[in-house]
Protein chains: 2
Amino acid sequence: MLEDKNPQRTAITELGEFGLIDHLTQNIKLYHKTSIKGIGDDAAIISGTSENQKVITTDLLVEGVHFDLSYMPLKHLGYKAVIVNLSDVYAMNATATQITVSIAVSNRFPVEALEELYEGIKTACNIYQVDLVGGDTTSSTSGLVISITALGEARSEEIVQRNGAKENDLLVMTGDIGAAYLGLQVLEREKQVFKANPNAQPDLEPYSYLVERQLKPEARKDIIALLKELKVIPTAMIDISDGLSSEILHLTKQSNVGCHIYEDKIPLDPQVIATCEEFNMDSTTIALSGGEDYELLFTVAMEDFPKIKGNPNLSVIGHITKESEGVHLITRANTKIPIIAKGWNSFKDSE
Amino acid sequence: MLEDKNPQRTAITELGEFGLIDHLTQNIKLYHKTSIKGIGDDAAIISGTSENQKVITTDLLVEGVHFDLSYMPLKHLGYKAVIVNLSDVYAMNATATQITVSIAVSNRFPVEALEELYEGIKTACNIYQVDLVGGDTTSSTSGLVISITALGEARSEEIVQRNGAKENDLLVMTGDIGAAYLGLQVLEREKQVFKANPNAQPDLEPYSYLVERQLKPEARKDIIALLKELKVIPTAMIDISDGLSSEILHLTKQSNVGCHIYEDKIPLDPQVIATCEEFNMDSTTIALSGGEDYELLFTVAMEDFPKIKGNPNLSVIGHITKESEGVHLITRANTKIPIIAKGWNSFKDSE
């Protein structure tokens, strides 16, 4: 959009609220036979079975708090807004099936901007095979607000909550961590450079993975399939949205357990290590406190270790202890440091 | 709250995001056995049956667009935000069962303000027996935004959509209409008077019904029970949130039918008639275009007329015709006026 010198700008008021919804949601594909009726009535209709339970989760993204449109293209934003919610569904070990999307937007956005946003939303729906079944579009007095609710389903015995971790269980995480947070730092730095000199050409190449993790994160649908294939049902699971330390504390608190995590086991991408050196940051701190990686953190019983051992998607980073032992990081130097929550908190960060 | 000269003000940052959610959602009662797990995990868990289908609906309320905190107490706002969504569930002829609540709020609101808001939300949940099972609380750069998603359920053969109206069906509405819109006009006028003279004492007594309809609307859960009792399943149904004319047009368009509605049959409260006279407004225009009454509009087959006849909750206001006959108001003078949408549109009104 930045390159088009004469972009088409259709005022939202030309379409009106209902015209806008019709326009944005045309050609929506429905993948699930449980989606009986999608957009177009007072509510969507979804069928169920007595074996399957539904899970429901919701997230609200606010301009200026969760995203900055100066470096977040609207299409990416739409995609990410869906991913954030699907990640919560997968964290229940469930299949994501339907979403509703509500958007508040000021008149400064033309219809074409909302089309971009919806392009991202629909792309995520197509890739993750979830059905967009409803929503609300309204005006806003200031910035853009996106509220998404996601539904998922699973057999009741497959659903994994946060509270089932047991002493001696292994603590496992998917993928690697810290990259999304560093991607944000890189983008913020480029924004400052651009402000000072609008002719500066950013070279984001050395940070490509970091920037992609920040702007176009993925949810670990593949892990839910992998766990099924490996016949592993985690004892507890949570997605890593606010930072590893914060999620570990949620999981251990709700399970009434403690844990040890090992600094040298935390999976980091080489770009994370290199960029931490460049920015003079401690990579373990970034891994523990940086958010938005949307990896999964889960615990499995010791006897499941052979099933997950050596899998390139999964890293055993620690083990569960008695609650009385507390939650600690065991450093490379073999010292024991209590883990405290330093995850992202929208209220604190916006002070 | 306005009367308390030294209200307690706890900064949201003192509690943090998770502390805030815990604080606001403590002592939540769950009424439905389908609510397997409420707040406290990545997602809520809801059971289903193969006979029952779920309905899902969502609404976004934005400060300065949908509400004005200068005359809308936060407790009422919380209550109304729930009602708006339940009304959509009832419009499907379904029972409302669960809601999720997401709130974006700036740091100018103390925790006590959010407690007020949640008091209203919980009161609505208790009165309507719906379970608050999840949500998100985040900061906002400017005003208050509330996004609620509601789930409901019904046997599949009981669910009523907008698209089933047939020629010769009767068009029926519940309660009376126009009061909520006039309530808003009264409150706006008082706000202007108060601005000009802060010592002026408003006398809202002659407008008590109007103001209550605006500030504390109810959703017609009772009508869903009544229809069941009368063994009437409407052929089509919609809730009247944006204005009667707008809803009639939705229903007829989706059913591919036309309709005649009779001016003298539209139910108006005496306060609506008196206030229209005082404000020099046409009461039929207000009835057709004013929004937020949250009554239900539905169609029933002619043979069901004896079951609904004379019921004080229900008014037959017209009948369905062939699509080619169009959608018309038949006035008291027996002239035929085409109905055009003049319902409330957040984009147009905020221009």
# chains A, B, ... in the order shown; residues from 1 in each chain; ligands from 1

$ residues_around --residues "Glu51 of chain A" --least-positions-apart "3" --cutoff "8 Å" --atoms "only C-alpha atoms" --output "list of chain:residue names"
A:Arg155, A:Ser156, B:Gly48, B:Thr49

$ write_last_selection --atoms "N, CA and C atoms" --output "compact mmCIF listing (two decimals), in the first residue's frame"
# COMPACT_ATOMS: atom_id res chain seq x y z
N ARG A 155 -12.35 -34.08 21.74
CA ARG A 155 -12.98 -35.06 22.63
C ARG A 155 -12.62 -34.66 24.06
N SER A 156 -13.56 -34.84 24.97
CA SER A 156 -13.34 -34.31 26.33
C SER A 156 -12.07 -34.86 26.96
N GLY B 48 -21.51 -30.11 24.80
CA GLY B 48 -22.66 -30.03 23.90
C GLY B 48 -23.38 -31.36 23.83
N THR B 49 -24.47 -31.36 23.11
CA THR B 49 -25.17 -32.61 22.86
C THR B 49 -25.44 -32.64 21.36

$ interface_residues --of "chain A" --to "chain B" --cutoff "6 Å" --atoms "only C-alpha atoms" --output "PyMOL selection string"
chain A and resi 13+42-50+53-59+88+135-136+138-139+346-348

$ write_last_selection --atoms "N, CA and C atoms" --output "PDB file, in the first residue's frame"
ATOM      1  N   THR A  13     -18.428   5.414   4.990  1.00  0.00           N
ATOM      2  CA  THR A  13     -19.816   5.889   5.011  1.00  0.00           C
ATOM      3  C   THR A  13     -20.543   5.635   3.695  1.00  0.00           C
ATOM      4  N   ASP A  42     -28.851 -12.947  13.444  1.00  0.00           N
ATOM      5  CA  ASP A  42     -28.515 -12.374  14.741  1.00  0.00           C
ATOM      6  C   ASP A  42     -27.333 -13.102  15.374  1.00  0.00           C
ATOM      7  N   ALA A  43     -27.193 -14.382  15.047  1.00  0.00           N
ATOM      8  CA  ALA A  43     -26.103 -15.184  15.598  1.00  0.00           C
ATOM      9  C   ALA A  43     -25.760 -16.265  14.583  1.00  0.00           C
ATOM     10  N   ALA A  44     -24.563 -16.806  14.690  1.00  0.00           N
ATOM     11  CA  ALA A  44     -24.188 -17.954  13.875  1.00  0.00           C
ATOM     12  C   ALA A  44     -24.701 -19.225  14.558  1.00  0.00           C
ATOM     13  N   ILE A  45     -24.875 -20.294  13.770  1.00  0.00           N
ATOM     14  CA  ILE A  45     -25.375 -21.557  14.329  1.00  0.00           C
ATOM     15  C   ILE A  45     -24.301 -22.632  14.151  1.00  0.00           C
ATOM     16  N   ILE A  46     -24.021 -23.339  15.224  1.00  0.00           N
ATOM     17  CA  ILE A  46     -22.950 -24.333  15.231  1.00  0.00           C
ATOM     18  C   ILE A  46     -23.462 -25.615  15.852  1.00  0.00           C
ATOM     19  N   SER A  47     -23.248 -26.718  15.172  1.00  0.00           N
ATOM     20  CA  SER A  47     -23.732 -27.976  15.727  1.00  0.00           C
ATOM     21  C   SER A  47     -22.666 -28.599  16.610  1.00  0.00           C
ATOM     22  N   GLY A  48     -23.068 -29.530  17.415  1.00  0.00           N
ATOM     23  CA  GLY A  48     -22.130 -30.201  18.317  1.00  0.00           C
ATOM     24  C   GLY A  48     -22.435 -31.675  18.392  1.00  0.00           C
ATOM     25  N   THR A  49     -21.598 -32.389  19.086  1.00  0.00           N
ATOM     26  CA  THR A  49     -21.860 -33.792  19.348  1.00  0.00           C
ATOM     27  C   THR A  49     -21.680 -34.002  20.836  1.00  0.00           C
ATOM     28  N   SER A  50     -22.195 -35.092  21.347  1.00  0.00           N
ATOM     29  CA  SER A  50     -22.045 -35.295  22.785  1.00  0.00           C
ATOM     30  C   SER A  50     -20.634 -35.745  23.161  1.00  0.00           C
ATOM     31  N   GLN A  53     -16.328 -31.632  23.118  1.00  0.00           N
ATOM     32  CA  GLN A  53     -16.588 -30.409  23.852  1.00  0.00           C
ATOM     33  C   GLN A  53     -16.083 -29.239  23.019  1.00  0.00           C
ATOM     34  N   LYS A  54     -16.675 -28.072  23.303  1.00  0.00           N
ATOM     35  CA  LYS A  54     -16.228 -26.857  22.625  1.00  0.00           C
ATOM     36  C   LYS A  54     -15.288 -26.109  23.561  1.00  0.00           C
ATOM     37  N   VAL A  55     -14.324 -25.406  22.980  1.00  0.00           N
ATOM     38  CA  VAL A  55     -13.564 -24.441  23.770  1.00  0.00           C
ATOM     39  C   VAL A  55     -13.795 -23.074  23.147  1.00  0.00           C
ATOM     40  N   ILE A  56     -13.763 -22.046  23.965  1.00  0.00           N
ATOM     41  CA  ILE A  56     -13.992 -20.684  23.475  1.00  0.00           C
ATOM     42  C   ILE A  56     -12.983 -19.737  24.111  1.00  0.00           C
ATOM     43  N   THR A  57     -12.414 -18.877  23.308  1.00  0.00           N
ATOM     44  CA  THR A  57     -11.403 -17.939  23.804  1.00  0.00           C
ATOM     45  C   THR A  57     -11.527 -16.630  23.049  1.00  0.00           C
ATOM     46  N   THR A  58     -11.091 -15.549  23.655  1.00  0.00           N
ATOM     47  CA  THR A  58     -11.269 -14.245  23.031  1.00  0.00           C
ATOM     48  C   THR A  58     -10.093 -13.331  23.339  1.00  0.00           C
ATOM     49  N   ASP A  59      -9.762 -12.470  22.407  1.00  0.00           N
ATOM     50  CA  ASP A  59      -8.654 -11.534  22.572  1.00  0.00           C
ATOM     51  C   ASP A  59      -9.003 -10.211  21.934  1.00  0.00           C
ATOM     52  N   ASP A  88      -4.502 -19.937  21.439  1.00  0.00           N
ATOM     53  CA  ASP A  88      -5.176 -20.299  22.693  1.00  0.00           C
ATOM     54  C   ASP A  88      -6.005 -21.575  22.544  1.00  0.00           C
ATOM     55  N   GLY A 135     -19.624 -11.498  13.419  1.00  0.00           N
ATOM     56  CA  GLY A 135     -18.852 -10.368  13.894  1.00  0.00           C
ATOM     57  C   GLY A 135     -19.643  -9.097  13.895  1.00  0.00           C
ATOM     58  N   ASP A 136     -18.941  -8.032  14.109  1.00  0.00           N
ATOM     59  CA  ASP A 136     -19.553  -6.731  14.265  1.00  0.00           C
ATOM     60  C   ASP A 136     -18.540  -5.725  13.722  1.00  0.00           C
ATOM     61  N   THR A 138     -17.993  -1.545  13.605  1.00  0.00           N
ATOM     62  CA  THR A 138     -18.570  -0.318  14.123  1.00  0.00           C
ATOM     63  C   THR A 138     -17.537   0.795  14.043  1.00  0.00           C
ATOM     64  N   SER A 139     -17.959   2.009  14.273  1.00  0.00           N
ATOM     65  CA  SER A 139     -16.990   3.088  14.184  1.00  0.00           C
ATOM     66  C   SER A 139     -16.332   3.283  15.537  1.00  0.00           C
ATOM     67  N   SER A 346      -0.035  -5.169  29.378  1.00  0.00           N
ATOM     68  CA  SER A 346      -0.429  -3.964  28.636  1.00  0.00           C
ATOM     69  C   SER A 346      -0.627  -2.771  29.560  1.00  0.00           C
ATOM     70  N   PHE A 347      -1.065  -3.013  30.783  1.00  0.00           N
ATOM     71  CA  PHE A 347      -1.288  -1.881  31.689  1.00  0.00           C
ATOM     72  C   PHE A 347       0.030  -1.272  32.154  1.00  0.00           C
ATOM     73  N   LYS A 348       0.978  -2.147  32.507  1.00  0.00           N
ATOM     74  CA  LYS A 348       2.252  -1.622  32.995  1.00  0.00           C
ATOM     75  C   LYS A 348       3.019  -0.927  31.889  1.00  0.00           C
TER      76      LYS A 348
END

$ atom_distance --atom1 "atom CA of Val172 of chain A" --atom2 "atom CA of Thr275 of chain A"
24.8 Å

$ closest_residue --among "B:Ala165, B:Ala274, B:Met173, B:Val82" --to "Tyr128 of chain B" --atoms "only C-alpha atoms"
B:Val82

$ residues_around --residues "Ile223 of chain A" --least-positions-apart "3" --cutoff "12 Å" --atoms "only C-alpha atoms" --output "PDB file with N, CA and C atoms, in the first residue's frame"
ATOM      1  N   SER A  87      -3.964 -19.771  18.710  1.00  0.00           N
ATOM      2  CA  SER A  87      -2.932 -20.276  19.610  1.00  0.00           C
ATOM      3  C   SER A  87      -3.537 -20.706  20.953  1.00  0.00           C
ATOM      4  N   TYR A  90      -5.323 -24.061  20.395  1.00  0.00           N
ATOM      5  CA  TYR A  90      -4.375 -25.183  20.321  1.00  0.00           C
ATOM      6  C   TYR A  90      -3.796 -25.488  21.701  1.00  0.00           C
ATOM      7  N   ALA A  91      -3.652 -24.449  22.526  1.00  0.00           N
ATOM      8  CA  ALA A  91      -3.127 -24.645  23.886  1.00  0.00           C
ATOM      9  C   ALA A  91      -4.068 -25.484  24.754  1.00  0.00           C
ATOM     10  N   MET A  92      -5.296 -25.705  24.275  1.00  0.00           N
ATOM     11  CA  MET A  92      -6.228 -26.613  24.954  1.00  0.00           C
ATOM     12  C   MET A  92      -6.150 -28.008  24.339  1.00  0.00           C
ATOM     13  N   ASN A  93      -5.232 -28.198  23.370  1.00  0.00           N
ATOM     14  CA  ASN A  93      -5.121 -29.447  22.602  1.00  0.00           C
ATOM     15  C   ASN A  93      -6.388 -29.707  21.774  1.00  0.00           C
ATOM     16  N   ALA A  94      -6.985 -28.623  21.312  1.00  0.00           N
ATOM     17  CA  ALA A  94      -8.235 -28.704  20.550  1.00  0.00           C
ATOM     18  C   ALA A  94      -8.006 -28.241  19.112  1.00  0.00           C
ATOM     19  N   THR A  95      -8.958 -28.571  18.249  1.00  0.00           N
ATOM     20  CA  THR A  95      -8.944 -28.116  16.860  1.00  0.00           C
ATOM     21  C   THR A  95      -9.737 -26.817  16.766  1.00  0.00           C
ATOM     22  N   VAL A 172       8.182 -29.121  28.503  1.00  0.00           N
ATOM     23  CA  VAL A 172       8.571 -29.154  27.094  1.00  0.00           C
ATOM     24  C   VAL A 172       8.091 -27.875  26.418  1.00  0.00           C
ATOM     25  N   MET A 173       8.901 -27.331  25.512  1.00  0.00           N
ATOM     26  CA  MET A 173       8.360 -26.255  24.685  1.00  0.00           C
ATOM     27  C   MET A 173       8.617 -26.523  23.209  1.00  0.00           C
ATOM     28  N   THR A 174       7.802 -25.882  22.386  1.00  0.00           N
ATOM     29  CA  THR A 174       7.928 -26.064  20.937  1.00  0.00           C
ATOM     30  C   THR A 174       8.786 -24.937  20.372  1.00  0.00           C
ATOM     31  N   GLY A 175       9.379 -25.178  19.218  1.00  0.00           N
ATOM     32  CA  GLY A 175      10.081 -24.136  18.462  1.00  0.00           C
ATOM     33  C   GLY A 175      11.187 -23.453  19.233  1.00  0.00           C
ATOM     34  N   GLU A 218       2.958 -17.605  13.588  1.00  0.00           N
ATOM     35  CA  GLU A 218       2.088 -18.742  13.282  1.00  0.00           C
ATOM     36  C   GLU A 218       1.662 -19.404  14.599  1.00  0.00           C
ATOM     37  N   ALA A 219       0.518 -20.067  14.576  1.00  0.00           N
ATOM     38  CA  ALA A 219       0.068 -20.820  15.755  1.00  0.00           C
ATOM     39  C   ALA A 219       0.405 -22.286  15.516  1.00  0.00           C
ATOM     40  N   ARG A 220       0.673 -23.037  16.587  1.00  0.00           N
ATOM     41  CA  ARG A 220       1.212 -24.382  16.420  1.00  0.00           C
ATOM     42  C   ARG A 220       0.136 -25.444  16.255  1.00  0.00           C
ATOM     43  N   LEU A 226       0.848 -33.391  15.741  1.00  0.00           N
ATOM     44  CA  LEU A 226       2.016 -34.197  16.116  1.00  0.00           C
ATOM     45  C   LEU A 226       1.767 -34.965  17.415  1.00  0.00           C
ATOM     46  N   LEU A 227       1.203 -34.290  18.397  1.00  0.00           N
ATOM     47  CA  LEU A 227       0.942 -34.950  19.689  1.00  0.00           C
ATOM     48  C   LEU A 227      -0.025 -36.117  19.503  1.00  0.00           C
ATOM     49  N   LYS A 228      -1.013 -35.904  18.650  1.00  0.00           N
ATOM     50  CA  LYS A 228      -1.981 -36.968  18.362  1.00  0.00           C
ATOM     51  C   LYS A 228      -1.263 -38.157  17.725  1.00  0.00           C
ATOM     52  N   GLU A 229      -0.399 -37.840  16.767  1.00  0.00           N
ATOM     53  CA  GLU A 229       0.356 -38.867  16.047  1.00  0.00           C
ATOM     54  C   GLU A 229       1.279 -39.630  16.999  1.00  0.00           C
ATOM     55  N   LEU A 230       1.890 -38.905  17.911  1.00  0.00           N
ATOM     56  CA  LEU A 230       2.811 -39.535  18.879  1.00  0.00           C
ATOM     57  C   LEU A 230       2.069 -40.213  20.027  1.00  0.00           C
ATOM     58  N   LYS A 231       0.736 -40.041  20.027  1.00  0.00           N
ATOM     59  CA  LYS A 231      -0.093 -40.554  21.122  1.00  0.00           C
ATOM     60  C   LYS A 231       0.351 -40.031  22.491  1.00  0.00           C
ATOM     61  N   VAL A 232       0.615 -38.720  22.499  1.00  0.00           N
ATOM     62  CA  VAL A 232       0.970 -38.054  23.753  1.00  0.00           C
ATOM     63  C   VAL A 232      -0.134 -37.061  24.095  1.00  0.00           C
ATOM     64  N   ILE A 233      -0.678 -37.198  25.303  1.00  0.00           N
ATOM     65  CA  ILE A 233      -1.578 -36.155  25.802  1.00  0.00           C
ATOM     66  C   ILE A 233      -0.851 -35.441  26.934  1.00  0.00           C
ATOM     67  N   PRO A 234      -0.502 -34.161  26.738  1.00  0.00           N
ATOM     68  CA  PRO A 234       0.199 -33.432  27.808  1.00  0.00           C
ATOM     69  C   PRO A 234      -0.634 -33.436  29.090  1.00  0.00           C
ATOM     70  N   MET A 237      -0.951 -27.639  29.606  1.00  0.00           N
ATOM     71  CA  MET A 237      -0.435 -26.908  28.435  1.00  0.00           C
ATOM     72  C   MET A 237      -0.914 -25.461  28.478  1.00  0.00           C
ATOM     73  N   ASP A 239      -0.163 -21.560  25.988  1.00  0.00           N
ATOM     74  CA  ASP A 239       0.628 -20.986  24.888  1.00  0.00           C
ATOM     75  C   ASP A 239       1.498 -19.852  25.420  1.00  0.00           C
ATOM     76  N   TYR A 294       4.105 -17.264  20.551  1.00  0.00           N
ATOM     77  CA  TYR A 294       3.000 -18.192  20.265  1.00  0.00           C
ATOM     78  C   TYR A 294       3.459 -19.629  20.085  1.00  0.00           C
ATOM     79  N   GLU A 295       4.513 -19.983  20.811  1.00  0.00           N
ATOM     80  CA  GLU A 295       4.873 -21.396  20.923  1.00  0.00           C
ATOM     81  C   GLU A 295       4.026 -22.013  22.027  1.00  0.00           C
ATOM     82  N   LEU A 296       4.095 -23.326  22.170  1.00  0.00           N
ATOM     83  CA  LEU A 296       3.352 -24.007  23.227  1.00  0.00           C
ATOM     84  C   LEU A 296       4.314 -24.501  24.307  1.00  0.00           C
ATOM     85  N   LEU A 297       3.864 -24.413  25.534  1.00  0.00           N
ATOM     86  CA  LEU A 297       4.613 -24.923  26.681  1.00  0.00           C
ATOM     87  C   LEU A 297       3.751 -25.994  27.319  1.00  0.00           C
ATOM     88  N   PHE A 298       4.314 -27.191  27.490  1.00  0.00           N
ATOM     89  CA  PHE A 298       3.476 -28.223  28.095  1.00  0.00           C
ATOM     90  C   PHE A 298       4.283 -29.184  28.946  1.00  0.00           C
ATOM     91  N   ILE A 308       8.750 -38.432  22.649  1.00  0.00           N
ATOM     92  CA  ILE A 308       9.066 -37.066  22.187  1.00  0.00           C
ATOM     93  C   ILE A 308      10.562 -36.840  21.986  1.00  0.00           C
ATOM     94  N   ASN A 311      12.703 -35.240  18.914  1.00  0.00           N
ATOM     95  CA  ASN A 311      11.853 -34.569  17.930  1.00  0.00           C
ATOM     96  C   ASN A 311      12.327 -33.124  17.749  1.00  0.00           C
ATOM     97  N   PRO A 312      12.605 -32.708  16.509  1.00  0.00           N
ATOM     98  CA  PRO A 312      13.176 -31.377  16.300  1.00  0.00           C
ATOM     99  C   PRO A 312      12.227 -30.237  16.664  1.00  0.00           C
ATOM    100  N   ASN A 313      10.914 -30.527  16.776  1.00  0.00           N
ATOM    101  CA  ASN A 313       9.962 -29.485  17.138  1.00  0.00           C
ATOM    102  C   ASN A 313       9.869 -29.249  18.641  1.00  0.00           C
ATOM    103  N   LEU A 314      10.424 -30.193  19.407  1.00  0.00           N
ATOM    104  CA  LEU A 314      10.169 -30.179  20.848  1.00  0.00           C
ATOM    105  C   LEU A 314      11.474 -30.136  21.634  1.00  0.00           C
TER     106      LEU A 314
END

$ residues_around --residues "Ile273 of chain A" --least-positions-apart "3" --cutoff "12 Å" --atoms "only C-alpha atoms" --output "ChimeraX atom specification"
/A:176-179,182,206-207,210,266-270,276-287

$ atom_distance --atom1 "atom CA of Phe305 of chain B" --atom2 "atom CA of Ile320 of chain B"
13.7 Å

$ select_by_dssp --residues "segment 56-297 of chain B" --states "helix (DSSP H, G or I)" --output "ChimeraX atom specification"
/B:74-90,111-128,156-158,179-196,205-215,221-230,244-255,263-265,270-279,283-289

$ closest_residue --among "B:Ser241, B:Gly290, B:Ala200, B:Ser324" --to "Gly258 of chain B" --atoms "only C-alpha atoms"
B:Ser324

$ select_by_dssp --residues "segment 123-196 of chain A" --states "strand (DSSP E or B)" --output "list in words"
Asp131, Leu132, Val133, Gly134, Gly135, Asp136, Thr137, Thr138, Ser139, Val145, Ile146, Ser147, Ile148, Thr149, Ala150, Leu151, Gly152, Glu153, Ala154, Arg155, Leu170, Leu171, Val172, Met173 and Thr174 of chain A

$ atom_distance --atom1 "atom CA of Val193 of chain B" --atom2 "atom CA of Arg9 of chain B"
29.1 Å

$ residues_around --residues "Pro202 of chain A" --least-positions-apart "3" --cutoff "9 Å" --atoms "only C-alpha atoms" --output "list in words"
Glu190, Val193, Phe194 and Glu205 of chain A

$ write_last_selection --atoms "N, CA and C atoms" --output "PDB file, in the first residue's frame"
ATOM      1  N   GLU A 190      14.177   0.876  13.589  1.00  0.00           N
ATOM      2  CA  GLU A 190      14.066   1.374  12.208  1.00  0.00           C
ATOM      3  C   GLU A 190      13.109   2.549  12.123  1.00  0.00           C
ATOM      4  N   VAL A 193      15.007   5.565  13.166  1.00  0.00           N
ATOM      5  CA  VAL A 193      15.946   5.937  12.101  1.00  0.00           C
ATOM      6  C   VAL A 193      15.191   6.641  10.975  1.00  0.00           C
ATOM      7  N   PHE A 194      14.048   6.077  10.624  1.00  0.00           N
ATOM      8  CA  PHE A 194      13.242   6.641   9.544  1.00  0.00           C
ATOM      9  C   PHE A 194      12.736   8.042   9.891  1.00  0.00           C
ATOM     10  N   GLU A 205      17.543  -7.485   6.437  1.00  0.00           N
ATOM     11  CA  GLU A 205      17.975  -8.834   6.060  1.00  0.00           C
ATOM     12  C   GLU A 205      18.567  -9.639   7.235  1.00  0.00           C
TER      13      GLU A 205
END

$ decode --residues "segment 54-74 of chain B" --atoms "N, CA and C atoms" --output "PDB file, in the first residue's frame"
ATOM      1  N   LYS B  54     -25.496 -24.865  18.954  1.00  0.00           N
ATOM      2  CA  LYS B  54     -25.050 -23.654  19.639  1.00  0.00           C
ATOM      3  C   LYS B  54     -25.290 -22.468  18.712  1.00  0.00           C
ATOM      4  N   VAL B  55     -25.574 -21.318  19.296  1.00  0.00           N
ATOM      5  CA  VAL B  55     -25.539 -20.085  18.516  1.00  0.00           C
ATOM      6  C   VAL B  55     -24.496 -19.183  19.149  1.00  0.00           C
ATOM      7  N   ILE B  56     -23.856 -18.374  18.330  1.00  0.00           N
ATOM      8  CA  ILE B  56     -22.812 -17.474  18.835  1.00  0.00           C
ATOM      9  C   ILE B  56     -22.986 -16.106  18.204  1.00  0.00           C
ATOM     10  N   THR B  57     -22.860 -15.073  19.014  1.00  0.00           N
ATOM     11  CA  THR B  57     -23.034 -13.710  18.530  1.00  0.00           C
ATOM     12  C   THR B  57     -22.103 -12.786  19.289  1.00  0.00           C
ATOM     13  N   THR B  58     -21.738 -11.676  18.686  1.00  0.00           N
ATOM     14  CA  THR B  58     -20.760 -10.794  19.322  1.00  0.00           C
ATOM     15  C   THR B  58     -21.077  -9.341  19.013  1.00  0.00           C
ATOM     16  N   ASP B  59     -20.782  -8.470  19.962  1.00  0.00           N
ATOM     17  CA  ASP B  59     -21.034  -7.036  19.803  1.00  0.00           C
ATOM     18  C   ASP B  59     -19.915  -6.243  20.450  1.00  0.00           C
ATOM     19  N   LEU B  60     -19.619  -5.119  19.844  1.00  0.00           N
ATOM     20  CA  LEU B  60     -18.534  -4.263  20.301  1.00  0.00           C
ATOM     21  C   LEU B  60     -19.134  -2.904  20.644  1.00  0.00           C
ATOM     22  N   LEU B  61     -18.918  -2.434  21.868  1.00  0.00           N
ATOM     23  CA  LEU B  61     -19.423  -1.117  22.264  1.00  0.00           C
ATOM     24  C   LEU B  61     -18.249  -0.187  22.522  1.00  0.00           C
ATOM     25  N   VAL B  62     -18.289   0.980  21.923  1.00  0.00           N
ATOM     26  CA  VAL B  62     -17.170   1.913  21.965  1.00  0.00           C
ATOM     27  C   VAL B  62     -17.610   3.222  22.620  1.00  0.00           C
ATOM     28  N   GLU B  63     -16.829   3.675  23.595  1.00  0.00           N
ATOM     29  CA  GLU B  63     -17.123   4.950  24.259  1.00  0.00           C
ATOM     30  C   GLU B  63     -17.130   6.084  23.235  1.00  0.00           C
ATOM     31  N   GLY B  64     -18.108   6.959  23.339  1.00  0.00           N
ATOM     32  CA  GLY B  64     -18.192   8.088  22.416  1.00  0.00           C
ATOM     33  C   GLY B  64     -18.964   7.750  21.150  1.00  0.00           C
ATOM     34  N   VAL B  65     -19.179   6.447  20.914  1.00  0.00           N
ATOM     35  CA  VAL B  65     -19.970   6.031  19.751  1.00  0.00           C
ATOM     36  C   VAL B  65     -21.276   5.400  20.240  1.00  0.00           C
ATOM     37  N   HIS B  66     -21.132   4.396  21.129  1.00  0.00           N
ATOM     38  CA  HIS B  66     -22.316   3.683  21.623  1.00  0.00           C
ATOM     39  C   HIS B  66     -22.763   4.149  23.005  1.00  0.00           C
ATOM     40  N   PHE B  67     -21.886   4.807  23.719  1.00  0.00           N
ATOM     41  CA  PHE B  67     -22.299   5.262  25.052  1.00  0.00           C
ATOM     42  C   PHE B  67     -21.489   6.500  25.440  1.00  0.00           C
ATOM     43  N   ASP B  68     -22.075   7.256  26.366  1.00  0.00           N
ATOM     44  CA  ASP B  68     -21.482   8.493  26.849  1.00  0.00           C
ATOM     45  C   ASP B  68     -21.462   8.370  28.369  1.00  0.00           C
ATOM     46  N   LEU B  69     -20.252   8.289  28.933  1.00  0.00           N
ATOM     47  CA  LEU B  69     -20.154   8.046  30.376  1.00  0.00           C
ATOM     48  C   LEU B  69     -20.625   9.238  31.206  1.00  0.00           C
ATOM     49  N   SER B  70     -20.903  10.378  30.557  1.00  0.00           N
ATOM     50  CA  SER B  70     -21.372  11.507  31.361  1.00  0.00           C
ATOM     51  C   SER B  70     -22.792  11.294  31.879  1.00  0.00           C
ATOM     52  N   TYR B  71     -23.580  10.444  31.203  1.00  0.00           N
ATOM     53  CA  TYR B  71     -24.875  10.114  31.806  1.00  0.00           C
ATOM     54  C   TYR B  71     -25.139   8.625  31.918  1.00  0.00           C
ATOM     55  N   MET B  72     -24.188   7.802  31.483  1.00  0.00           N
ATOM     56  CA  MET B  72     -24.374   6.352  31.561  1.00  0.00           C
ATOM     57  C   MET B  72     -23.534   5.816  32.713  1.00  0.00           C
ATOM     58  N   PRO B  73     -24.147   5.465  33.835  1.00  0.00           N
ATOM     59  CA  PRO B  73     -23.343   4.915  34.935  1.00  0.00           C
ATOM     60  C   PRO B  73     -22.686   3.604  34.485  1.00  0.00           C
ATOM     61  N   LEU B  74     -21.491   3.345  34.975  1.00  0.00           N
ATOM     62  CA  LEU B  74     -20.739   2.170  34.518  1.00  0.00           C
ATOM     63  C   LEU B  74     -21.466   0.865  34.796  1.00  0.00           C
TER      64      LEU B  74
END
